[in-house]
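Here is the structure we will look at, set down as structure tokens.
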Amino acid sequence: IATVTDPGGDAIEYAWDFGDSSPVQAGPNLSTVSHAFSAAGVYLVTLVATDAQGAFSQETVSIDVNAVPVISALNVDRSSSVEGDVVSFEVVASDADGHVLAYQWDFGDGSLPLFSASPSHAFADDGDFTVSVTVTDQLGAVTSQSMVFPVLNGPPQILALVGQSSGPMGQALTFRGSVIDPAGGADTLTWSWDWGDGGTASDGVDLHTATHSWSGAGSYSLVLTVADEDGGSTSQTLPLLISNPGPSIGPVTGPVALDEGSIEAFQVSAADAA
């Protein structure tokens with residue numbers, strides 16, 4: 001923007017030389033001009049204002065054009081990961097002016113940004129995430145670059161399946177499982193206890209503990225399956241031995257004394273678990 005006055009009120013012709021070998025911008029009504037410098041550096045911008053009588057005035061200013069940082073590479077230590085895994089990222093950037101660069105990473109998963117050239121990050125859930133890095137020099141020039149990083153679902157893992165491995169039929173036995181999921185609390189886990197006797201499995205969300213009784217003796221395989229909502233699942237089997245305890249006999253009732261040769265009645269109650 002230039003402010004030019006002429007004592008005689010003549011029309012003014014403007015000529016702008018931006019010092020970067022670009023064509024001079026000349027003409028009336030050019031008190032305000034715009035120009036883009038294609039390269040960083042220090043430029044001498046000269047304005048020549050000429051009136052209708054040929055009288056002119058000249059003014060030169062020095063302009064320091066800051067270079068925008070350049071990102072030459074955006075690296076990651078793998079092409080994809082599983083939720084919960086730690087992934088290492090790196091941006092390679094430079095600044096033609098030699099300015100100090102600042103970095104900000106957005107991992108696209110709602111997590112807090114990180115401010116390093118080579119951060120590490122674990123994605124809590126599966127999905128395709130747009131990872132962006134912004135590089136800023138000390139004068140505020142900014143550039144950014146992004147990539148889409150796929151994160152795969154990791155199935156839950158059964159750490160332990162405990163309970164009585166044997167018992168009599170008809171007696172309720174209790175079992176408990178311990179499970180970890182790579183997504184932590186981000187996934188809903190459904191538990192299914194298959195008792196191996198052809199009956200209905202016990203299913204439920206976060207069903208860590210379950211109880212069951214068997215109506216017949218024999219060897220059974222208890223199978224615990226834990227699945228997340230993204231299709232990942234894992235199973236573990238616990239062999240069981242269910243025994244037949246035999247009938248139980250209650251107290252015998254009848255006379256406690258009798259004559260020899262006499263016939264008396266005695267009673268007894270018995271029950272069998274089968």
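Here, A, B, ... name the chains of the structure tokens in the order displayed, residue numbers run from 1 inside each chain, and ligands are numbered from 1 in the same displayed order.
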Give me the region 9-91 of chain A side of the contact with region 125-148 of chain A, cut-off 7 Å, one line per residue showing its nearest atom pair and distance in Å at one decimal, counting only C-alpha atoms, sorted by chain and residue number, as a tab-separated table.
residue	atom	partner	partner_atom	distance
A:Val68	CA	A:Ala141	CA	5.2
A:Pro69	CA	A:Thr143	CA	6.2
A:Glu83	CA	A:Asp125	CA	5.1
Residues of region 200-231 of chain A that approach region 169-172 of chain A to 12 Å or less, counting only C-alpha atoms: could you list each one with the shortest pair of atoms and its distance in Å to one decimal, rows by chain and increasing residue number, as a tab-separated table?
residue	atom	partner	partner_atom	distance
A:Ala210	CA	A:Ala172	CA	10.0
A:Thr211	CA	A:Ala172	CA	6.2
A:His212	CA	A:Ala172	CA	5.1
A:Ser213	CA	A:Ala172	CA	4.3
A:Trp214	CA	A:Met169	CA	5.1
A:Ser215	CA	A:Gly170	CA	5.5
A:Gly216	CA	A:Met169	CA	5.7
A:Ala217	CA	A:Met169	CA	5.8
A:Gly218	CA	A:Met169	CA	8.8
A:Ser219	CA	A:Met169	CA	11.1
A:Tyr220	CA	A:Met169	CA	11.5
>> Give me, as a PyMOL selection string, all polymer residues having an atom no more than 7 Å from Val70 (chain A), counting only C-alpha atoms and skipping those fewer than 6 positions away in the same chain.
In response: chain A and resi 93-95
Excluding same-chain residues fewer than 5 positions from Pro182 (chain A), what lies within 8 Å of it counting only C-alpha atoms, as a JSON list (two decimals) with C-alpha atoms, in the first residue's frame?
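Saved the output as around_3.json:
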[["chain", "number", "residue", "atom", "x", "y", "z"],
["A", 82, "VAL", "CA", -3.28, -53.88, 16.33],
["A", 83, "GLU", "CA", -5.20, -51.81, 18.87],
["A", 84, "GLY", "CA", -3.14, -51.26, 21.98],
["A", 85, "ASP", "CA", 0.22, -51.67, 20.21],
["A", 124, "ALA", "CA", -7.01, -47.67, 21.89],
["A", 154, "GLY", "CA", -7.05, -57.44, 18.57],
["A", 155, "PRO", "CA", -9.00, -60.36, 20.05],
["A", 156, "PRO", "CA", -9.36, -60.69, 23.82]]
>> Which residue is closest to Asn153 (chain A)? Choose from A:Gly8, A:Gly108, A:Gly246, A:Gly231 and count only C-alpha atoms.
In response: A:Gly231
